[in-house]
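Enquirer: For reference, the file model-v3.cif (mmCIF, C-alpha atoms) is included below:
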```cif
data_input
#
loop_
_atom_site.group_PDB
_atom_site.id
_atom_site.type_symbol
_atom_site.label_atom_id
_atom_site.label_comp_id
_atom_site.auth_asym_id
_atom_site.auth_seq_id
_atom_site.Cartn_x
_atom_site.Cartn_y
_atom_site.Cartn_z
ATOM 1 C CA MET P 1 17.680 18.446 5.620
ATOM 2 C CA HIS P 2 15.348 18.036 8.633
ATOM 3 C CA GLU P 3 18.222 16.857 10.822
ATOM 4 C CA ARG P 4 16.480 17.279 14.161
ATOM 5 C CA GLU P 5 12.870 16.624 13.267
ATOM 6 C CA LEU P 6 11.581 13.547 15.059
ATOM 7 C CA VAL P 7 10.045 10.824 12.891
ATOM 8 C CA SER P 8 7.525 8.530 14.577
ATOM 9 C CA VAL P 9 7.145 5.166 12.867
ATOM 10 C CA VAL P 10 3.738 3.535 13.359
ATOM 11 C CA ILE P 11 3.522 -0.248 12.934
ATOM 12 C CA PRO P 12 0.109 -1.868 13.477
ATOM 13 C CA THR P 13 0.332 -5.610 14.067
ATOM 14 C CA ARG P 14 -1.878 -8.574 14.866
ATOM 15 C CA ARG P 15 -0.779 -12.181 15.353
ATOM 16 C CA ARG P 16 2.414 -12.038 13.334
ATOM 17 C CA PRO P 17 5.118 -12.495 15.973
ATOM 18 C CA GLN P 18 7.396 -14.178 13.428
ATOM 19 C CA TRP P 19 7.576 -10.973 11.349
ATOM 20 C CA ILE P 20 7.086 -7.996 13.656
ATOM 21 C CA VAL P 21 10.582 -8.207 15.147
ATOM 22 C CA CYS P 22 12.139 -8.010 11.671
ATOM 23 C CA ALA P 23 10.032 -4.934 10.873
ATOM 24 C CA VAL P 24 10.987 -3.194 14.116
ATOM 25 C CA GLU P 25 14.683 -3.974 13.744
ATOM 26 C CA SER P 26 14.711 -2.524 10.217
ATOM 27 C CA VAL P 27 13.477 0.759 11.689
ATOM 28 C CA LEU P 28 15.915 0.776 14.582
ATOM 29 C CA LYS P 29 18.800 0.271 12.111
ATOM 30 C CA GLN P 30 17.892 3.346 10.041
ATOM 31 C CA SER P 31 20.678 5.792 9.200
ATOM 32 C CA TYR P 32 18.243 8.524 10.297
ATOM 33 C CA THR P 33 18.361 7.879 14.026
ATOM 34 C CA PHE P 34 16.151 10.649 15.460
ATOM 35 C CA LEU P 35 13.055 8.493 15.551
ATOM 36 C CA GLN P 36 10.402 6.865 17.676
ATOM 37 C CA VAL P 37 8.881 3.440 16.988
ATOM 38 C CA ILE P 38 5.267 2.833 17.988
ATOM 39 C CA VAL P 39 3.975 -0.715 17.618
ATOM 40 C CA VAL P 40 0.204 -0.927 18.013
ATOM 41 C CA VAL P 41 -0.753 -4.495 18.942
ATOM 42 C CA ASP P 42 -4.320 -4.653 17.665
ATOM 43 C CA GLY P 43 -6.099 -6.841 20.234
ATOM 44 C CA SER P 44 -5.098 -9.543 22.674
ATOM 45 C CA ASP P 45 -1.902 -11.127 21.330
ATOM 46 C CA PRO P 46 0.411 -12.684 23.975
ATOM 47 C CA GLU P 47 2.816 -14.183 21.402
ATOM 48 C CA THR P 48 3.470 -10.818 19.749
ATOM 49 C CA MET P 49 3.909 -9.101 23.119
ATOM 50 C CA ASN P 50 6.418 -11.768 24.119
ATOM 51 C CA ALA P 51 8.355 -11.405 20.844
ATOM 52 C CA LEU P 52 8.601 -7.631 21.280
ATOM 53 C CA GLN P 53 10.176 -8.021 24.721
ATOM 54 C CA TYR P 54 13.431 -8.959 23.004
ATOM 55 C CA CYS P 55 13.633 -5.571 21.239
ATOM 56 C CA LYS P 56 15.670 -3.608 23.781
ATOM 57 C CA ASP P 57 15.680 -0.004 22.562
ATOM 58 C CA ALA P 58 14.457 3.097 24.371
ATOM 59 C CA ARG P 59 12.978 4.410 21.128
ATOM 60 C CA LEU P 60 10.443 1.563 21.013
ATOM 61 C CA GLU P 61 6.968 1.997 22.522
ATOM 62 C CA VAL P 62 4.326 -0.734 22.449
ATOM 63 C CA ILE P 63 0.615 0.067 22.673
ATOM 64 C CA ALA P 64 -1.463 -3.024 23.457
ATOM 65 C CA LEU P 65 -5.154 -2.682 22.606
ATOM 66 C CA GLU P 66 -7.661 -4.816 24.456
ATOM 67 C CA GLU P 67 -9.954 -5.173 21.439
ATOM 68 C CA ASN P 68 -9.242 -5.494 17.734
ATOM 69 C CA THR P 69 -9.941 -2.165 16.013
ATOM 70 C CA GLY P 70 -8.725 -2.852 12.457
ATOM 71 C CA GLY P 71 -5.726 -1.514 10.575
ATOM 72 C CA SER P 72 -7.090 1.994 9.969
ATOM 73 C CA GLU P 73 -7.886 2.775 13.579
ATOM 74 C CA ALA P 74 -4.715 1.076 14.833
ATOM 75 C CA ARG P 75 -2.734 3.504 12.645
ATOM 76 C CA ASN P 76 -4.816 6.437 13.905
ATOM 77 C CA ILE P 77 -4.134 5.428 17.515
ATOM 78 C CA GLY P 78 -0.418 5.284 16.780
ATOM 79 C CA VAL P 79 -0.507 8.722 15.131
ATOM 80 C CA ARG P 80 -2.305 10.265 18.110
ATOM 81 C CA ALA P 81 0.266 8.780 20.507
ATOM 82 C CA ALA P 82 3.233 9.871 18.384
ATOM 83 C CA GLN P 83 5.583 12.647 19.442
ATOM 84 C CA GLY P 84 7.217 13.211 16.069
ATOM 85 C CA GLU P 85 6.537 15.961 13.565
ATOM 86 C CA TRP P 86 6.603 13.304 10.862
ATOM 87 C CA ILE P 87 4.882 9.913 10.637
ATOM 88 C CA ALA P 88 6.123 6.942 8.646
ATOM 89 C CA PHE P 89 4.033 3.794 8.351
ATOM 90 C CA LEU P 90 5.288 0.233 8.178
ATOM 91 C CA ASP P 91 3.207 -2.931 7.823
ATOM 92 C CA ASP P 92 4.271 -5.692 10.188
ATOM 93 C CA ASP P 93 5.289 -8.064 7.383
ATOM 94 C CA ASP P 94 7.422 -5.504 5.509
ATOM 95 C CA TRP P 95 10.834 -4.012 6.286
ATOM 96 C CA TRP P 96 12.999 -1.058 5.231
ATOM 97 C CA MET P 97 16.376 -0.449 3.663
ATOM 98 C CA ALA P 98 18.720 1.326 6.097
ATOM 99 C CA GLU P 99 18.657 4.677 4.248
ATOM 100 C CA LYS P 100 14.864 4.812 3.736
ATOM 101 C CA LEU P 101 13.986 7.582 6.195
ATOM 102 C CA GLU P 102 17.098 9.628 5.483
ATOM 103 C CA ARG P 103 16.414 9.699 1.746
ATOM 104 C CA GLN P 104 12.767 10.594 2.267
ATOM 105 C CA MET P 105 13.479 13.381 4.743
ATOM 106 C CA GLN P 106 15.933 14.869 2.262
ATOM 107 C CA LEU P 107 13.264 14.908 -0.431
ATOM 108 C CA ALA P 108 10.638 16.331 1.926
ATOM 109 C CA ALA P 109 12.993 19.219 2.741
ATOM 110 C CA ASN P 110 12.872 20.302 -0.908
ATOM 111 C CA SER P 111 9.089 20.431 -1.123
ATOM 112 C CA ARG P 112 7.438 23.855 -1.210
ATOM 113 C CA VAL P 113 3.992 22.712 -0.092
ATOM 114 C CA ARG P 114 2.843 22.498 3.509
ATOM 115 C CA TYR P 115 2.152 18.771 3.483
ATOM 116 C CA PRO P 116 4.438 16.684 1.283
ATOM 117 C CA ILE P 117 3.701 12.966 1.170
ATOM 118 C CA VAL P 118 6.871 11.074 0.307
ATOM 119 C CA SER P 119 6.843 7.581 -1.177
ATOM 120 C CA SER P 120 9.307 5.404 -3.085
ATOM 121 C CA ARG P 121 9.575 2.246 -5.094
ATOM 122 C CA LEU P 122 9.709 -1.096 -3.283
ATOM 123 C CA LEU P 123 10.873 -4.671 -3.737
ATOM 124 C CA ALA P 124 7.934 -7.089 -3.885
ATOM 125 C CA ARG P 125 9.506 -10.328 -2.722
ATOM 126 C CA SER P 126 7.947 -13.784 -2.722
ATOM 127 C CA ARG P 127 9.547 -17.205 -2.354
ATOM 128 C CA ASP P 128 10.597 -17.373 -5.997
ATOM 129 C CA ILE P 129 10.095 -13.939 -7.589
ATOM 130 C CA GLU P 130 11.392 -10.448 -6.779
ATOM 131 C CA ARG P 131 9.988 -7.390 -8.560
ATOM 132 C CA VAL P 132 10.714 -3.669 -8.365
ATOM 133 C CA LEU P 133 7.389 -1.807 -8.138
ATOM 134 C CA PRO P 134 5.790 0.424 -9.241
ATOM 135 C CA ARG P 135 6.808 0.172 -12.871
ATOM 136 C CA ARG P 136 6.348 3.917 -13.315
ATOM 137 C CA LEU P 137 6.409 6.931 -10.993
ATOM 138 C CA LEU P 138 3.638 9.439 -10.388
ATOM 139 C CA LYS P 139 3.908 12.318 -12.858
ATOM 140 C CA PRO P 140 3.671 15.934 -11.619
ATOM 141 C CA GLY P 141 0.018 16.980 -11.676
ATOM 142 C CA GLU P 142 -1.252 13.460 -12.412
ATOM 143 C CA ALA P 143 -4.489 12.515 -10.635
ATOM 144 C CA VAL P 144 -3.839 9.914 -7.948
ATOM 145 C CA GLY P 145 -6.809 7.809 -9.046
ATOM 146 C CA ASN P 146 -5.488 7.631 -12.607
ATOM 147 C CA TYR P 147 -2.026 6.714 -11.373
ATOM 148 C CA LEU P 148 -3.247 3.948 -9.061
ATOM 149 C CA PHE P 149 -5.931 2.323 -11.188
ATOM 150 C CA CYS P 150 -5.238 2.916 -14.903
ATOM 151 C CA ARG P 151 -3.170 -0.123 -15.825
ATOM 152 C CA ARG P 152 -1.075 -0.613 -18.928
ATOM 153 C CA GLY P 153 -1.165 -4.410 -18.673
ATOM 154 C CA PHE P 154 -2.850 -7.280 -16.852
ATOM 155 C CA THR P 155 -0.293 -7.513 -14.020
ATOM 156 C CA TYR P 156 -0.453 -5.519 -10.804
ATOM 157 C CA GLY P 157 2.018 -2.749 -10.059
ATOM 158 C CA ASP P 158 1.942 -0.100 -12.804
ATOM 159 C CA GLY P 159 1.139 2.581 -10.219
ATOM 160 C CA LEU P 160 1.644 2.004 -6.493
ATOM 161 C CA LEU P 161 1.757 4.087 -3.313
ATOM 162 C CA GLN P 162 2.048 1.355 -0.722
ATOM 163 C CA THR P 163 1.477 2.220 2.951
ATOM 164 C CA SER P 164 4.911 1.019 4.111
ATOM 165 C CA THR P 165 6.564 3.557 1.797
ATOM 166 C CA LEU P 166 4.705 6.639 3.070
ATOM 167 C CA LEU P 167 6.207 9.516 5.077
ATOM 168 C CA VAL P 168 3.697 12.218 6.108
ATOM 169 C CA ARG P 169 3.496 15.190 8.439
ATOM 170 C CA ARG P 170 1.624 14.259 11.621
ATOM 171 C CA ASN P 171 -0.592 17.351 11.449
ATOM 172 C CA LEU P 172 -2.048 16.196 8.142
ATOM 173 C CA LEU P 173 -2.927 12.804 9.625
ATOM 174 C CA LEU P 174 -4.570 14.452 12.621
ATOM 175 C CA GLN P 175 -6.693 16.574 10.280
ATOM 176 C CA ALA P 176 -7.411 13.698 7.875
ATOM 177 C CA PRO P 177 -7.116 10.337 9.677
ATOM 178 C CA PHE P 178 -7.633 6.949 8.090
ATOM 179 C CA GLN P 179 -11.299 5.996 7.843
ATOM 180 C CA LYS P 180 -12.216 3.779 10.761
ATOM 181 C CA ASP P 181 -13.757 0.328 10.189
ATOM 182 C CA LEU P 182 -12.758 0.216 6.532
ATOM 183 C CA LYS P 183 -12.050 -3.445 5.718
ATOM 184 C CA ARG P 184 -10.110 -2.862 2.518
ATOM 185 C CA HIS P 185 -8.484 -0.145 0.385
ATOM 186 C CA GLN P 186 -7.477 1.844 3.469
ATOM 187 C CA ASP P 187 -4.430 3.426 1.832
ATOM 188 C CA TRP P 188 -6.237 4.185 -1.451
ATOM 189 C CA ASP P 189 -9.126 5.738 0.446
ATOM 190 C CA TRP P 190 -6.837 8.062 2.379
ATOM 191 C CA LEU P 191 -4.673 8.982 -0.618
ATOM 192 C CA LEU P 192 -7.652 9.794 -2.855
ATOM 193 C CA LYS P 193 -9.074 12.120 -0.216
ATOM 194 C CA VAL P 194 -5.938 14.008 0.864
ATOM 195 C CA SER P 195 -4.665 14.373 -2.706
ATOM 196 C CA GLN P 196 -7.602 16.707 -3.380
ATOM 197 C CA ARG P 197 -6.084 19.300 -1.034
ATOM 198 C CA PRO P 198 -4.079 22.169 -2.596
ATOM 199 C CA ASP P 199 -1.556 22.047 0.273
ATOM 200 C CA VAL P 200 -0.627 18.399 -0.431
ATOM 201 C CA GLU P 201 2.033 17.154 -2.841
ATOM 202 C CA ILE P 202 2.981 13.517 -3.432
ATOM 203 C CA LEU P 203 6.677 12.934 -4.114
ATOM 204 C CA MET P 204 8.351 9.673 -5.099
ATOM 205 C CA LEU P 205 11.909 8.431 -4.934
ATOM 206 C CA PRO P 206 12.880 6.175 -7.855
ATOM 207 C CA GLU P 207 14.883 3.642 -5.853
ATOM 208 C CA PRO P 208 13.282 0.769 -3.872
ATOM 209 C CA LEU P 209 13.605 1.507 -0.148
ATOM 210 C CA THR P 210 11.012 -0.914 1.259
ATOM 211 C CA VAL P 211 10.721 -4.686 0.969
ATOM 212 C CA MET P 212 7.123 -5.913 0.724
ATOM 213 C CA ARG P 213 6.580 -9.538 1.600
ATOM 214 C CA VAL P 214 4.263 -11.240 -0.910
ATOM 215 C CA GLU P 215 2.683 -14.397 0.462
ATOM 216 C CA ARG P 216 0.202 -16.266 -1.698
ATOM 217 C CA THR P 217 -1.489 -18.252 1.055
ATOM 218 C CA ASP P 218 -1.386 -15.973 4.089
ATOM 219 C CA GLY P 219 -5.140 -15.362 4.225
ATOM 220 C CA SER P 220 -4.643 -11.597 4.271
ATOM 221 C CA VAL P 221 -7.489 -9.220 3.547
ATOM 222 C CA SER P 222 -5.885 -8.256 0.240
ATOM 223 C CA ARG P 223 -6.142 -11.875 -0.943
ATOM 224 C CA MET P 224 -9.804 -12.367 -0.051
ATOM 225 C CA GLY P 225 -12.419 -12.374 -2.801
ATOM 226 C CA ASP P 226 -15.069 -10.139 -1.218
ATOM 227 C CA TRP P 227 -15.657 -8.182 -4.420
ATOM 228 C CA LYS P 228 -18.854 -6.508 -3.227
ATOM 229 C CA THR P 229 -16.901 -4.639 -0.540
ATOM 230 C CA SER P 230 -14.611 -3.259 -3.252
ATOM 231 C CA GLN P 231 -17.573 -2.296 -5.429
ATOM 232 C CA VAL P 232 -19.318 -0.472 -2.584
ATOM 233 C CA TRP P 233 -16.119 1.384 -1.734
ATOM 234 C CA ALA P 234 -15.641 2.429 -5.378
ATOM 235 C CA LYS P 235 -19.211 3.735 -5.611
ATOM 236 C CA GLN P 236 -18.788 5.730 -2.403
ATOM 237 C CA ASN P 237 -15.612 7.328 -3.768
ATOM 238 C CA ARG P 238 -16.730 7.725 -7.385
ATOM 239 C CA SER P 239 -16.447 11.530 -7.156
ATOM 240 C CA LEU P 240 -12.725 11.205 -6.322
ATOM 241 C CA MET P 241 -11.934 9.213 -9.468
ATOM 242 C CA SER P 242 -12.062 10.034 -13.148
ATOM 243 C CA ALA P 243 -14.518 8.012 -15.253
ATOM 244 C CA ARG P 244 -11.535 6.263 -16.833
ATOM 245 C CA ALA P 245 -9.995 5.307 -13.473
ATOM 246 C CA TYR P 246 -13.373 4.061 -12.218
ATOM 247 C CA SER P 247 -13.749 1.738 -15.224
ATOM 248 C CA PHE P 248 -10.261 0.368 -14.637
ATOM 249 C CA PHE P 249 -11.038 -0.268 -10.966
ATOM 250 C CA ILE P 250 -14.230 -2.197 -11.753
ATOM 251 C CA SER P 251 -12.530 -4.151 -14.556
ATOM 252 C CA THR P 252 -9.549 -5.236 -12.487
ATOM 253 C CA GLU P 253 -10.183 -5.110 -8.732
ATOM 254 C CA CYS P 254 -13.868 -6.048 -8.674
ATOM 255 C CA VAL P 255 -13.905 -8.576 -11.511
ATOM 256 C CA SER P 256 -10.765 -10.387 -10.353
ATOM 257 C CA ARG P 257 -12.105 -10.638 -6.783
ATOM 258 C CA ALA P 258 -15.482 -11.820 -8.022
ATOM 259 C CA ARG P 259 -13.912 -14.598 -10.063
ATOM 260 C CA ARG P 260 -11.722 -15.549 -7.107
ATOM 261 C CA SER P 261 -14.916 -15.924 -5.073
ATOM 262 C CA GLY P 262 -16.215 -18.426 -7.621
ATOM 263 C CA VAL P 263 -19.250 -16.444 -8.791
ATOM 264 C CA ARG P 264 -20.993 -17.364 -12.009
ATOM 265 C CA MET P 265 -20.491 -15.341 -15.167
ATOM 266 C CA SER P 266 -24.051 -14.057 -14.949
ATOM 267 C CA ALA P 267 -23.194 -12.371 -11.639
ATOM 268 C CA LEU P 268 -20.621 -10.231 -13.465
ATOM 269 C CA LEU P 269 -23.223 -8.519 -15.669
ATOM 270 C CA PRO P 270 -23.903 -5.773 -13.067
ATOM 271 C CA LEU P 271 -20.169 -5.022 -13.017
ATOM 272 C CA PHE P 272 -20.152 -4.832 -16.810
ATOM 273 C CA TRP P 273 -22.979 -2.283 -16.801
ATOM 274 C CA GLU P 274 -21.328 -0.389 -13.933
ATOM 275 C CA CYS P 275 -18.258 0.013 -16.139
ATOM 276 C CA PHE P 276 -20.336 1.616 -18.871
ATOM 277 C CA TRP P 277 -22.885 3.708 -17.004
ATOM 278 C CA SER P 278 -20.660 5.102 -14.253
ATOM 279 C CA GLY P 279 -17.309 4.936 -16.016
ATOM 280 C CA GLN P 280 -15.758 5.539 -19.387
ATOM 281 C CA PRO P 281 -14.341 2.245 -20.621
ATOM 282 C CA GLY P 282 -12.003 2.034 -23.579
ATOM 283 C CA LEU P 283 -10.515 -0.946 -25.360
ATOM 284 C CA ARG P 284 -7.928 -1.527 -22.640
ATOM 285 C CA GLN P 285 -10.501 -1.591 -19.823
ATOM 286 C CA MET P 286 -12.725 -3.967 -21.786
ATOM 287 C CA ALA P 287 -9.789 -6.229 -22.618
ATOM 288 C CA LEU P 288 -8.870 -6.406 -18.933
ATOM 289 C CA PHE P 289 -12.508 -6.961 -17.939
ATOM 290 C CA PHE P 290 -12.785 -10.060 -20.131
ATOM 291 C CA PHE P 291 -9.250 -11.195 -19.328
ATOM 292 C CA PHE P 292 -10.065 -11.346 -15.601
ATOM 293 C CA CYS P 293 -13.444 -12.933 -16.415
ATOM 294 C CA PHE P 294 -12.133 -15.854 -18.429
ATOM 295 C CA VAL P 295 -8.495 -16.458 -17.428
ATOM 296 C CA PRO P 296 -8.220 -18.357 -14.090
ATOM 297 C CA GLU P 297 -6.065 -16.853 -11.351
ATOM 298 C CA ASP P 298 -3.549 -19.717 -11.398
ATOM 299 C CA MET P 299 -3.056 -19.287 -15.123
ATOM 300 C CA ARG P 300 -2.634 -15.527 -14.744
ATOM 301 C CA ARG P 301 -0.021 -16.091 -12.051
ATOM 302 C CA GLN P 302 1.888 -18.584 -14.179
ATOM 303 C CA LEU P 303 1.841 -16.196 -17.133
ATOM 304 C CA ARG P 304 3.027 -13.314 -14.942
ATOM 305 C CA ASP P 305 5.857 -15.344 -13.423
ATOM 306 C CA ARG P 306 6.953 -16.562 -16.853
ATOM 307 C CA LEU P 307 7.058 -13.012 -18.168
ATOM 308 C CA LEU P 308 9.031 -11.862 -15.113
ATOM 309 C CA ARG P 309 11.589 -14.657 -15.495
ATOM 310 C CA THR P 310 11.976 -13.877 -19.185
ATOM 311 C CA LYS P 311 12.493 -10.199 -18.434
ATOM 312 C CA THR P 312 15.043 -10.991 -15.704
ATOM 313 C CA ALA P 313 16.966 -13.312 -18.034
ATOM 314 C CA MET P 314 17.055 -10.656 -20.776
ATOM 315 C CA GLU P 315 18.336 -8.057 -18.306
ATOM 316 C CA CYS P 316 21.057 -10.418 -17.099
ATOM 317 C CA GLU P 317 22.175 -11.042 -20.680
ATOM 318 C CA ALA P 318 22.260 -7.312 -21.374
ATOM 319 C CA TYR P 319 24.624 -6.716 -18.440
ATOM 320 C CA SER P 320 26.831 -9.786 -18.959
#
```
As structure tokens - that is how I would like this structure written.
Expert:
Amino acid sequence: MHERELVSVVIPTRRRPQWIVCAVESVLKQSYTFLQVIVVVDGSDPETMNALQYCKDARLEVIALEENTGGSEARNIGVRAAQGEWIAFLDDDDWWMAEKLERQMQLAANSRVRYPIVSSRLLARSRDIERVLPRRLLKPGEAVGNYLFCRRGFTYGDGLLQTSTLLVRRNLLLQAPFQKDLKRHQDWDWLLKVSQRPDVEILMLPEPLTVMRVERTDGSVSRMGDWKTSQVWAKQNRSLMSARAYSFFISTECVSRARRSGVRMSALLPLFWECFWSGQPGLRQMALFFFFCFVPEDMRRQLRDRLLRTKTAMECEAYS
């Protein structure tokens, strides 16, 4: 085990004083204590700065940026300021289980590649539903694009490598930083690119070690319906995805965002042709394409929640 290797935890934050303290405290309570916490306050934010004053721990460092740079560059700034050999990321509205870093450092110690990237499952927690995600782990040798985008059903979370679960060597992040000014898909963009390297291996722990807060009305970037941004990003990174993964991405991410934006059905025709000409759609991709076209988001959410409650009830009966 890397008992004396310093882990620097980078937490970018902006205008979430009610959550950042919880995130920081979950790091400071880790069983792996040889760590540094770097909170990057992304732009003028007096309330967050005031909230952080109550975190009295010498391992905490706060970097206050004068201007908003975006999540990617805020993470890069934290990485450059870090002193640790390892970097772990945490979003300001998520938090960790106490053994998260210890378990991941143990797994990293067993990797034979130069740059292991260690992830784990997480608990996706909303006001009324709690789910363990992802539903399946990355298989050895499986392409990251296929794992992330090729769904088995209409609900999100078959494959997931969420930023708050990642532990990475700092040298890799210095060589391959997050792309600056990227509005969306920052983690996918970085993972697709670094996974092409022969000296990188992605490892996953099966237990949930991070809690991801799921808020339906928080106005976060991930909830916005700017589908054209997702389409442009997919086209720019087409060479990093298989044809199958590309079709899944268009059918799920782009179509669902387009419908959330309230576009007419006729506006979805270019996405339909994009699926065929630049991808390799099968029956599952086409079924998802039309599912997201015609089933409203509220109805999809109700169906998902009903299925989750049914599954939870069946599991409780099995163990009673």
Enquirer: Written as an MDAnalysis selection string, what is the full residue list that the PyMOL selection byres ((chain P and resi 235) around 12) yields on the file shown?
Expert: chainID P and resid 189 228:234 236:241 243 246:247 249:250 254 271 274:275 277:279
Enquirer: Under the PyMOL selection byres ((chain P and resi 154-170) around 7), which residues of this model are included? Write them out as number ranges by chain.
Expert: P: 79, 85-91, 115-120, 133-137, 147-148, 151-153, 171-174, 187, 210, 288, 304
Enquirer: Enumerate, as a ChimeraX atom specification, the residues matched when the PyMOL selection byres ((chain P and resi 32-43) around 8) is run on the file above.
Expert: /P:4-14,24,27-31,44-45,48-49,59-71,74-75,77-78,82-84,99,101-102
Enquirer: Output as AutoDock Vina command-line options the centre and edge lengths (Å, one decimal) of the box along x, y and z of the file that holds every listed atom of range 196-206 of chain P after adding 4 Å on each side.
Expert:
```
--center_x 2.6 --center_y 14.2 --center_z -3.8 --size_x 28.5 --size_y 24.0 --size_z 16.1
```
Enquirer: Can you pull out the residues contacting range 123-132 of chain P? Cut-off 7 Å, using only C-alpha atoms, and skip same-chain residues under 5 positions away; I want them as a list in words.
Expert: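 Answer for this query is Pro208, Thr210, Val211, Met212, Arg213, Val214 and Glu215 of chain P.
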Enquirer: Between P:Gln285, P:Gln104, P:Asp93, P:Arg197, which is the closest to Val21 in chain P once you count all atoms listed in the file?
Expert: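 Closest to Val21 in chain P of all the choices is P:Asp93.
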Enquirer: Just how far from CA of Gln186 in chain P is CA of Val295 in chain P, in Å to one decimal?
Expert: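 Computing the Euclidean distance for CA of Val295 in chain P and CA of Gln186 in chain P yields 27.8 Å.
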